[in-house]
Number of protein chains: 2
Amino acid sequence: MTLRLYDLAGAEPDRRFSPYCWRIRLALAHKNLPVETVPWRFTEKAEIAPSGQESVPVLVDGNRWIGDSWKIAHYLEETYPDLPSLFGGPIGRRLTTYYSNLADSLVSAIFPFVALDILHHVDERDRAYFRASREERAGSTLEAFTADRDKRLPSFRASLRPLRLTLSAQPFFGGEHPLYADYAVFGPFQWARCISDFALLDNGDPIKVWRDRLLDCFGGLARAAPAYGV
Amino acid sequence: MTLRLYDLAGAEPDRRFSPYCWRIRLALAHKNLPVETVPWRFTEKAEIAPSGQESVPVLVDGNRWIGDSWKIAHYLEETYPDLPSLFGGPIGRRLTTYYSNLADSLVSAIFPFVALDILHHVDERDRAYFRASREERAGSTLEAFTADRDKRLPSFRASLRPLRLTLSAQPFFGGEHPLYADYAVFGPFQWARCISDFALLDNGDPIKVWRDRLLDCFGGLARAAPAYGV
């Protein structure tokens, strides 16, 4: 049976921009699992209530509802052990926990650069909710965040140094082939390019070269999504 | 034949405080490889010249000289494949590259907190060299660095969030047992506690709990070293 994935969408139903959903899109492709994605908006919490979660990704596999990207990744690995491994074994799985947390922290670090761009893309029904919830969380207006983003860019880029050095030494975090560690960290960068024309990464940055490598994986799955050419 | 490790020492020969050497001390213990450590000072570059390196750790195994902690870790894994693996297999090894780079960046992040404390501990022969080389690299005096460390502490601690979340979820980066990923990241924290009474980590911080767990490994090898009780 085809899996179903609730996937955050903007005003355009095919503008999919959740950093957490992108991890799972690539994880499903890694496991060769066909999936039907359902465009979902921030305010459609009732639709995913059976998962016990208030946000996406939510995966539906038969009568099972699974929320939270890290839990979904484990679910896929345990439920489909004969399909290509997302972690490369039990030790790889434990070593990947940090990558998942690192990816979450990248979402927080990138948010101030793209906050206003997200607002421009969210569905009209979501706009007031998005602004109010994010401004409350940040203690700042979305406009104030974005205003000085050029000034903050160099220190953001400098903070990516360990990623950069690693991706200068090998094609993927997982080695010659990508693993869930790659998909997790890719999520925030794909989120940014789906929603914003702001150039977070310099051309020639090994992180961007790696990102582009992931855009080409699985027949260009992530590259085919509506996005900006940055 | 017992291996020999050139190990950075302070004015007291048993004050060993290199974050890079500590990684290898624990890696050698992980592989149950006996080692004779040789106290080495910054200015004794001639002693390690056969390694082609100007800094420690330098490992001597028979007639082979190997420098650079990451290269030494690979050397140990390749040369002693039947002893306990530092990486948990080829994929674990690739996933560990990032941890090694992260550990290097932690050295840079922690340096401004302990710079002056290092100066107080280095051997008299090293003192002028240490001050001049570090101040040139930093573009600041060691005193200026350390002066506002209390003010900078909260943002340093906040930057450790992905480490903290990971170590709240599992005992070690490698899972139930430590791997080289743990030893690499442990290095900078052990360096700090060997040289400084400044409390980088809060009591109760899962990172500190993990650090203390590593202090107890291998019969308390790292705990037995001269250090401060922070």
# chains A, B, ... in the order shown; residues from 1 in each chain; ligands from 1

call {"tool": "closest_atom_pairs", "arguments": {"of": "chain B", "to": "chain A", "cutoff": "6 Å", "atoms": "only C-alpha atoms", "output": "CSV"}}
result
residue,atom,partner,partner_atom,distance
B:Gly92,CA,A:Gly92,CA,5.3
B:Arg94,CA,A:Gly175,CA,5.1
B:Leu95,CA,A:Gly174,CA,5.3
B:Tyr98,CA,A:Thr166,CA,5.4
B:Asn101,CA,A:Pro162,CA,4.9
B:Leu102,CA,A:Pro162,CA,5.2
B:Pro162,CA,A:Asn101,CA,4.9
B:Thr166,CA,A:Tyr98,CA,5.4
B:Phe173,CA,A:Leu95,CA,5.6
B:Gly174,CA,A:Leu95,CA,5.3
B:Gly175,CA,A:Arg94,CA,5.1

call {"tool": "select_by_dssp", "arguments": {"residues": "segment 43-183 of chain A", "states": "alpha helix (DSSP H)", "output": "PyMOL selection string"}}
result
chain A and resi 69-79+90-121+124-138+142-147+149-159+161-169+180-183

call {"tool": "residues_around", "arguments": {"residues": "segment 135-142 of chain B", "least_positions_apart": "4", "cutoff": "6 Å", "atoms": "only C-alpha atoms", "output": "list in words"}}
result
Ala115, Leu116 and Arg131 of chain B

call {"tool": "atom_distance", "arguments": {"atom1": "atom CA of Arg127 of chain B", "atom2": "atom CA of Gly67 of chain B"}}
result
23.4 Å

call {"tool": "atom_distance", "arguments": {"atom1": "atom CA of Pro206 of chain B", "atom2": "atom CA of Leu26 of chain B"}}
result
20.3 Å

call {"tool": "residues_around", "arguments": {"residues": "Tyr6 of chain A", "least_positions_apart": "2", "cutoff": "10 Å", "atoms": "only C-alpha atoms", "output": "VMD selection string"}}
result
chain A and resid 4 8 to 9 21 36 to 41 47 to 48 55 to 60 67

call {"tool": "select_by_dssp", "arguments": {"residues": "segment 42-229 of chain B", "states": "strand (DSSP E)", "output": "number ranges by chain"}}
result
B: 58-61, 64-67

call {"tool": "closest_residue", "arguments": {"among": "B:Asn32, B:Asn203, B:Ser155, B:Thr43", "to": "Glu124 of chain B", "atoms": "only C-alpha atoms"}}
result
B:Thr43

call {"tool": "residues_around", "arguments": {"residues": "Gly229 of chain B", "least_positions_apart": "2", "cutoff": "8 Å", "atoms": "only C-alpha atoms", "output": "list in words"}}
result
Arg193, Asp197 and Ala227 of chain B

call {"tool": "write_last_selection", "arguments": {"atoms": "N, CA and C atoms", "output": "short mmCIF file (atom, residue, chain, number, x, y, z; two decimals), in the first residue's frame"}}
result
data_model
loop_
_atom_site.label_atom_id
_atom_site.label_comp_id
_atom_site.auth_asym_id
_atom_site.auth_seq_id
_atom_site.Cartn_x
_atom_site.Cartn_y
_atom_site.Cartn_z
N ARG B 193 39.47 21.32 31.55
CA ARG B 193 39.51 21.01 32.98
C ARG B 193 40.92 20.69 33.48
N ASP B 197 40.28 26.43 36.10
CA ASP B 197 39.21 26.21 37.07
C ASP B 197 37.91 26.90 36.65
N ALA B 227 44.20 17.91 37.19
CA ALA B 227 43.14 18.74 36.59
C ALA B 227 42.43 19.50 37.70
#

call {"tool": "residues_around", "arguments": {"residues": "segment 212-226 of chain A", "least_positions_apart": "2", "cutoff": "9 Å", "atoms": "only C-alpha atoms", "output": "list in words"}}
result
Asp14, Arg15, Arg16, Trp22, Arg25, Leu26, Ala29, His30, Pro171, Phe172, Pro178, Asp182, Tyr183, Phe186, Gln190, Cys194, Ile195, Ile207, Lys208, Val209, Trp210 and Tyr228 of chain A
